Each structure stands twice: as structure tokens, then as C-alpha cells.
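What follows is a set of notes on a single structure, which appears directly below.
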Amino acid sequence: MDEYRRANLANWNERVAGHTATDGYESYRRLVEVPGHLTDTVVFDAERIGDVRGQSLLHSQCHIGTDTMSWANLGAKVTGLDFSPQAIAAARELATRMGVEATFVETDVFDAPNEIPGTFDLVYTSVGAICWMDDISRWAQVMAGFVRPGGRFYIRDSHPVAMALDDQRSDDALVLRYRYFATGEPQSFDEAESYLGSATLANTRIYDWPHSLGSVVTALIKAGLVIDRLDEHQHLDWQLLGSMERDGERYVLPPTQRDVAPLQFSIHAHKPQETD
Ligand SMILES: C[S@@+](CC[C@H](N)C(=O)[O-])C[C@H]1O[C@@H](n2cnc3c(N)ncnc32)[C@H](O)[C@@H]1O
């Protein structure tokens, strides 16, 4: 494991305790307390993806399993993967407490083809996934490899334009600060807090990789998927900038800036049948 992944793994492992605590992911508790509960992330995506009842679903970078178990509540046969042993343990505990069947596999995305057999009706990944991938072509090959012929792939993630915005400003100006295009080199950040919960982190250093929208789409096409739809969205599930306003469970830019920059993208794709 390289130094970047090692640092990211230590950081993600450490975030789990805060995310499963009472001031962490509310859905981690609600999924146990309220039968059939769904995270807001899955409510949004399920409206677009449609019926998943009886379908096999692979959730890549499932974290503590809240979205994975929401898909299970919608009737999918779920498998979640994540490289964090702490996250996978928390996800397994969630499934056990809910009494709902699910498989969780501790593996790096790039090692997953050796750890998870077979293919799936739907491969799903969302909200903070690809920035941790240093090689978008390899990531797309792994994702496509898990889609059965005729099966579907769906991603919703932060828009690379949003990720390039300056999040360190004290005013409300929208200014580009970080890379939009990948150079192969990571960007490093030090953050003592996670995006949820009040826990303080000791493993503050993280490395991430920007991926332009074109590079994501082209990587998926080259990996053998057919893109059915590409959407850009005006909200995030978390607060990127201090100026962002809460809109229910989502965050949006102030009204005068809402049409200026996209905050997320989503892609629907499928793998052609052998005969297509
Ligand atoms: C922002 S979280 C995804 C969160 C998810 N959308 C949620 O809210 O539950 C990113 C996840 O990616 C995982 N991750 C990061 N790099 C990874 C890698 N190389 N292989 C597998 N998982 C990875 C982290 O452990 C973390 O759980």
C-alpha cells in the first residue's frame, strides 16, 4: 500500500467512531429504529434508478453501510465494499441490528475483483467516492467489470467544478482554487474534523485526486459501458462552502449563485448484452 492510501485509510478508519456516534450519521440509528428507513441519498437516487427489488446490488465505497442498507430496505440483495475495516465492521453491525441480510467486504476498490466473485444487476457508488481514486481508468474498469451484461451502473458524486472552488474564503465569492484536471499527483489536505460529528481526528492528512467530468465519462465508455444519462445537480449532501444554505437535508448555493456552478453530477450507464 502506498503512503497516500495508507494515510487515507488511517483517516477513514478514524472517522468511523464519530460517524456512528450520536452526533454522526443520524441514519445509522434510524435504520435500526425505523423499519424500512431510507437515507436521503438513497431516496434521491432511487427516484432516478427505479425499482431494485430482487436485484443484486454492489455498493462500492459503502462506508458504514447506511446507504447500502437503505438499498436493502428497498428490496435489493446488497453487497458493500470498503477498504476501511472499521467501516466494514460498523456496516456489518448495522445489518445485524436491523436483522436484514447483507454482505460487506473489506477490500480496496482496485483489489475488489479478487475479493468479490461474480457480477451484479446494479453497481452503485455515491457522494465522496472517486476523489479517493488515483487512477480513474482503472476505477472505471473495476466498476464495469462488476456489471453483468445488461446490468446497470450508477454514480452520483461531487462535481469536479465544485471540488475546484475555494472553500477557504471568508467572503461568499465563488472562486476557483484547486485543480479541475488530473495530473496524476494527489492534492493533500489536513483536517482535524470530519464532515459529520464532533469527534477530533489525529490522522488529519488526506490525499485526493481531481477527475474532470470528461475523464470520468470517457473512462466509463472505454471500460465498455454505454452512458444513458449524465445530469448535473445544484445541491450537495454536505456543506462545502460556508455560504451554502440548507435546503431540507441538502445544501445549495445562495439564490444569486445557484445557476453559476454545478455541485454534483450523476451518470446512468449500462453494459450491453453480449448480443447487442
Ligand atoms: C465519503 S465516503 C463515502 C460515503 C458514503 N457516500 C456515505 O455517506 O456513507 C468514502 C468511502 O470511501 C472509502 N475508500 C476510500 N478509498 C478507498 C479505496 N481505495 N478502496 C475502498 N474504499 C475506499 C472510505 O473508507 C470511505 O468509507
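Identifiers for the C-alpha cells are assigned positionally: chains receive A, B, ... in sequence, residues are indexed from 1 per chain, and ligands are indexed from 1 in the order shown.
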Exercise for the section: List all protein, DNA and RNA residues that have any atom at most 6 Å from ligand 1, counting only C-alpha atoms and all ligand atoms, and write the list as a PyMOL selection string. Expected result: chain A and resi 12+61-64+66+82-84+107-109+126-129+132
Problem - Non-local contacts of Gln273 of chain A (10 Å; only C-alpha atoms; under 6 positions in same chain excluded) as an MDAnalysis selection string - result: chainID A and resid 148:151
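Restricting the calculation to only C-alpha atoms, the smallest distance between Ala95 of chain A and any of A:Ala162, A:Val32, A:Ala10, A:Ala182 is found for A:Val32.
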Quick one: residues within 6 Å of Thr204 of chain A, only C-alpha atoms, excluding same-chain residues fewer than 3 positions away - as a compact mmCIF listing (two decimals) with N, CA and C atoms, in the first residue's frame?
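Written out: result_27.txt:
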# COMPACT_ATOMS: atom_id res chain seq x y z
N ASP A 190 -5.16 18.85 5.33
CA ASP A 190 -5.14 18.48 6.75
C ASP A 190 -6.42 18.96 7.39
N GLU A 191 -7.20 18.03 7.88
CA GLU A 191 -8.47 18.39 8.52
C GLU A 191 -8.61 17.63 9.83
N ALA A 192 -8.80 18.36 10.91
CA ALA A 192 -8.90 17.71 12.23
C ALA A 192 -10.31 17.26 12.55
N LEU A 201 -9.96 14.33 14.90
CA LEU A 201 -9.13 13.29 14.30
C LEU A 201 -7.65 13.53 14.60
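Among the candidates A:Trp139, A:Phe146, A:Tyr28, A:Trp71, the residue lying nearest to Gly54 of chain A is A:Trp71 (atoms considered: only C-alpha atoms).
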Problem - Residue neighbourhood Asp228 of chain A, 9 Å, only C-alpha atoms, exclusion window fewer than 5 positions, as a PyMOL selection string - result: chain A and resi 267-270
Problem - alpha helix (DSSP H) residues, from DSSP on the backbone, in segment 160-190 of chain A, as a ChimeraX atom specification - result: /A:160-163
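Proximity to Ser243 of chain A was assessed for A:Val105, A:Leu174, A:Leu122, A:Ala164 counting only C-alpha atoms; the smallest distance is recorded for A:Leu174.
For the pair atom CA of Lys222 of chain A and atom CA of Asp135 of chain A, the separation is 13.6 Å.
Taking only C-alpha atoms, the non-local environment of Gly242 of chain A within 9 Å (same-chain residues fewer than 3 positions away omitted) comprises A:Asp167, A:Gln168, A:Arg169, A:Ser170, A:Asp171, A:Asp172, A:Gln239, A:Glu245.
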Output for the residues just chosen: N, CA and C atoms as an mmCIF file, in the first residue's frame:
data_model
loop_
_atom_site.group_PDB
_atom_site.id
_atom_site.type_symbol
_atom_site.label_atom_id
_atom_site.label_comp_id
_atom_site.auth_asym_id
_atom_site.auth_seq_id
_atom_site.Cartn_x
_atom_site.Cartn_y
_atom_site.Cartn_z
ATOM 1 N N ASP A 167 -12.693 26.817 -0.844
ATOM 2 C CA ASP A 167 -13.504 26.626 0.366
ATOM 3 C C ASP A 167 -12.856 27.292 1.584
ATOM 4 N N GLN A 168 -11.816 28.100 1.329
ATOM 5 C CA GLN A 168 -11.095 28.728 2.450
ATOM 6 C C GLN A 168 -11.415 30.214 2.593
ATOM 7 N N ARG A 169 -12.335 30.733 1.771
ATOM 8 C CA ARG A 169 -12.587 32.165 1.777
ATOM 9 C C ARG A 169 -13.503 32.571 2.931
ATOM 10 N N SER A 170 -13.330 33.820 3.365
ATOM 11 C CA SER A 170 -14.228 34.314 4.420
ATOM 12 C C SER A 170 -15.408 35.064 3.797
ATOM 13 N N ASP A 171 -15.310 35.399 2.486
ATOM 14 C CA ASP A 171 -16.472 36.031 1.847
ATOM 15 C C ASP A 171 -17.235 34.982 1.040
ATOM 16 N N ASP A 172 -18.310 35.446 0.346
ATOM 17 C CA ASP A 172 -19.180 34.495 -0.354
ATOM 18 C C ASP A 172 -18.790 34.308 -1.816
ATOM 19 N N GLN A 239 -21.999 20.236 3.402
ATOM 20 C CA GLN A 239 -21.724 21.660 3.235
ATOM 21 C C GLN A 239 -20.287 21.887 2.807
ATOM 22 N N GLU A 245 -26.561 27.233 1.693
ATOM 23 C CA GLU A 245 -27.764 27.251 2.534
ATOM 24 C C GLU A 245 -28.352 25.857 2.624
#
Practice task
Please report, as a count of residues only, each residue of segment 125-241 of chain A to which DSSP assigns strand (DSSP E or B) when run on this structure's backbone.
Solution key: 36
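With only C-alpha atoms taken into account, the protein and nucleic acid residues at most 12 Å from Arg29 of chain A (excluding it and anything under 2 positions from it in its own chain) are His19, Thr20, Ala21, Thr22, Asp23, Gly24, Tyr25, Glu26, Ser27, Leu31, Val32, Glu33, Val34, Pro35, His37, Leu38, Thr39, Ile64, Gly65, Thr66, Met69, Ala90, Ala91, Glu93, Leu94, Ala95, Arg97 and Met98 of chain A.
Shortest separation to Ala219 of chain A among A:Leu236, A:Ser137, A:Asn114, A:Tyr154 occurs at residue A:Ser137, atoms counted being only C-alpha atoms.
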